[in-house]
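**Student:** Can you keep this structure in mind? I'll have questions shortly.
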Amino acid sequence: MTEEGRAKAYASLQAHGIEGLVLIGGDGTFRGANIFFKQYNIPAVGLPGTIDKDLSGTDFTIGFDTAVNTAVEAIDKIRDTAEAHDRIFVVEVMGRDAGYIALNSGIACGAEDILIPEIETDIEALLEQIARDERRKKNVHIIVVAEGDDFGGAIDVSNKIMERFQHLTVRASVLGHIQRGGAPSYADRVLASRLGYAAVTALIEGKTQVMAGIVHDEVVYTPFEQVIKGTTPISRDMQEMIKVLAS
């Protein structure tokens with residue numbers, strides 16, 4: 001991030017005879033690689049490494065599947081408690097700028113509602129749904145919220161629910177950084193291996209300043225300048241699924 005740091009990095013590469021770089025990261029990593037290449041002409045190919053799945057140029061990012069599976073396992077366990085004690089749980093998952101973890105884990109776990117940054121949250125509609133369910137004697141709810149939702153995280157949402165329904169038991173659960181660790185899933189292991197192979201092949205072929213990604217199960221290369229964070233839209237059918245879950 002500094003002139004001095006880049007000079008030190010270049011000297012280290014020269015000392016070890018390194019002629020190219022495979023970078024695992026996101027848009028910040030790729031922006032840095034562009035600056036480094038312009039200064040020192042070191043070829044670089046990137047791999048999309050972010051659990052948020054918020055980069056253009058690839059359908060999946062390394063770490064996303066593992067994070068979703070971690071969230072699913074946790075939410076399944078939370079539902080056991082919710083059903084045993086007739087409670088409402090608001091579960092916060094990671095996703096500051098993108099709601100893919102919340103969306104996929106919520107659908108997989110049969111959440112009653114999912115709140116994500118890409119769709120403006122109608123908190124009154126959520127409260128009305130809880131009221132309708134209560135009239136039907138349904139007191140168990142799992143609400144999955146991405147940390148970057150416009151209304152707020154799990155604590156904000158649970159506080160709002162408790163204001164309206166003081167007789168109901170509401171709990172907030174923030175999964176936090178547990179989603180960023182653990183043994184990688186099969187899908188992430190295969191994805192990382194496939195993209196790593198594609199990156200080395202690209203460097204051998206003389207490609208540089210591109211990110212290797214998978215689009216429609218094919219390897220594609222996207223220039224770093226076009227790999228922009230948070231530009232992949234939520235599909236319409238997934239948005240409709242959220243509405244069905246919440247109705």
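Chain identifiers are assigned as A, B, and so on, following the order in which chains appear in the structure tokens; residues are numbered from 1 within each chain, and ligands are numbered from 1 in order of appearance.
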Neighbouring residues of Asp149 (chain A) were defined as those with any atom within 6 Å, considering only C-alpha atoms; residues of the same chain fewer than 3 positions away were excluded. Please report them as a list in words.
**Tutor:**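 Counting only C-alpha atoms, the residues come to Ile116, Pro117, Ala146 and Gly152 of chain A.
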**Student:** Now that the selection is made, can you save its residues with C-alpha atoms as a PDB file, in the first residue's frame?
**Tutor:**
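Output file part_15.pdb is given in full below:
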```pdb
ATOM      1  CA  ILE A 116     -30.372  -8.737   2.534  1.00  0.00           C
ATOM      2  CA  PRO A 117     -28.697  -5.475   1.413  1.00  0.00           C
ATOM      3  CA  ALA A 146     -27.126 -10.183   6.403  1.00  0.00           C
ATOM      4  CA  GLY A 152     -29.623  -3.246  10.651  1.00  0.00           C
TER       5      GLY A 152
END
```
**Student:** Can you pull out the residues contacting region 180-195 of chain A? Cut-off 8 Å, using only C-alpha atoms, and skip same-chain residues under 3 positions away; I want them as a PyMOL selection string.
**Tutor:** chain A and resi 47+51+62-67+69+177+198-199+212-214+219
**Student:** So that I can check the surroundings of region 82-96 of chain A, please list as a PyMOL selection string every protein, DNA and RNA residue that reaches within 8 Å of it, counting only C-alpha atoms and ignoring chain neighbours fewer than 3 positions away.
**Tutor:** chain A and resi 52+71+75+78-79+99-102+117+139-149+153-155+157-158+168-177+179
**Student:** Those selected residues, please, written with C-alpha atoms and delivered as a JSON list (two decimals), in the first residue's frame.
**Tutor:**
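Here's the written file result25.json:
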```
[["chain", "number", "residue", "atom", "x", "y", "z"],
["A", 52, "ASP", "CA", -19.32, -12.98, 0.27],
["A", 71, "ALA", "CA", -24.13, -21.01, 8.50],
["A", 75, "ILE", "CA", -29.04, -22.29, 11.83],
["A", 78, "ILE", "CA", -30.71, -22.87, 16.38],
["A", 79, "ARG", "CA", -34.02, -24.06, 14.92],
["A", 99, "GLY", "CA", -26.58, -10.98, 0.80],
["A", 100, "TYR", "CA", -25.61, -14.27, -0.84],
["A", 101, "ILE", "CA", -24.73, -16.06, 2.40],
["A", 102, "ALA", "CA", -28.00, -14.95, 4.01],
["A", 117, "PRO", "CA", -28.70, -5.48, 1.41],
["A", 139, "ASN", "CA", -44.68, -18.89, 17.29],
["A", 140, "VAL", "CA", -41.48, -20.30, 15.82],
["A", 141, "HIS", "CA", -39.62, -18.09, 13.36],
["A", 142, "ILE", "CA", -36.14, -18.11, 11.95],
["A", 143, "ILE", "CA", -35.21, -14.79, 10.36],
["A", 144, "VAL", "CA", -31.83, -14.68, 8.62],
["A", 145, "VAL", "CA", -30.32, -11.22, 8.16],
["A", 146, "ALA", "CA", -27.13, -10.18, 6.40],
["A", 147, "GLU", "CA", -24.93, -7.90, 8.50],
["A", 148, "GLY", "CA", -25.16, -5.18, 5.83],
["A", 149, "ASP", "CA", -28.97, -5.06, 5.65],
["A", 153, "GLY", "CA", -28.29, -6.51, 12.01],
["A", 154, "ALA", "CA", -29.82, -9.19, 14.21],
["A", 155, "ILE", "CA", -29.91, -7.04, 17.34],
["A", 157, "VAL", "CA", -34.28, -6.46, 14.05],
["A", 158, "SER", "CA", -34.89, -8.42, 17.26],
["A", 168, "LEU", "CA", -42.97, -13.25, 22.66],
["A", 169, "THR", "CA", -39.48, -14.56, 23.32],
["A", 170, "VAL", "CA", -37.03, -13.19, 20.75],
["A", 171, "ARG", "CA", -33.35, -14.01, 20.56],
["A", 172, "ALA", "CA", -30.59, -12.55, 18.38],
["A", 173, "SER", "CA", -27.70, -14.76, 17.30],
["A", 174, "VAL", "CA", -24.67, -13.32, 15.49],
["A", 175, "LEU", "CA", -22.64, -16.09, 13.85],
["A", 176, "GLY", "CA", -19.70, -13.79, 13.16],
["A", 177, "HIS", "CA", -16.26, -14.99, 12.15],
["A", 179, "GLN", "CA", -18.15, -18.47, 9.00]]
```
**Student:** Do you know which residues are at most 8 Å from region 14-21 of chain A counting only C-alpha atoms, after dropping those on the same chain fewer than 5 positions away, and could you put them as a ChimeraX atom specification?
**Tutor:** /A:42-45,203
**Student:** For a test of reading the model, state the distance in Å between CA of Phe151 (chain A) and CA of Met238 (chain A), rounded to one decimal.
**Tutor:**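 For CA of Phe151 (chain A) relative to CA of Met238 (chain A), the distance reads 20.3 Å.
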**Student:** Rounded to one decimal, what separation in Å do you get between CA of Pro223 (chain A) and CA of Asn34 (chain A)?
**Tutor:** 9.9 Å
**Student:** Identify all residues of region 13-100 of chain A in helix (DSSP H, G or I) (DSSP on the backbone) and supply them as a PyMOL selection string.
**Tutor:** chain A and resi 13-15+27-40+64-85+100
**Student:** Check which residues of region 54-152 of chain A sit at most 12 Å from region 23-31 of chain A using only C-alpha atoms, and return one row each with the closest pair of atoms and their distance in Å to one decimal, ordered by chain and rising number, as a tab-separated table.
**Tutor:**
```
residue	atom	partner	partner_atom	distance
A:Asp54	CA	A:Gly26	CA	8.8
A:Leu55	CA	A:Gly26	CA	7.2
A:Ser56	CA	A:Asp27	CA	9.6
A:Gly57	CA	A:Asp27	CA	11.2
A:Thr58	CA	A:Gly26	CA	11.7
A:Thr61	CA	A:Gly26	CA	9.4
A:Ile62	CA	A:Ile24	CA	8.8
A:Gly63	CA	A:Gly25	CA	10.6
```
**Student:** Interatomic distance between CA of Ala33 (chain A) and CA of Tyr10 (chain A)?
**Tutor:** 11.9 Å
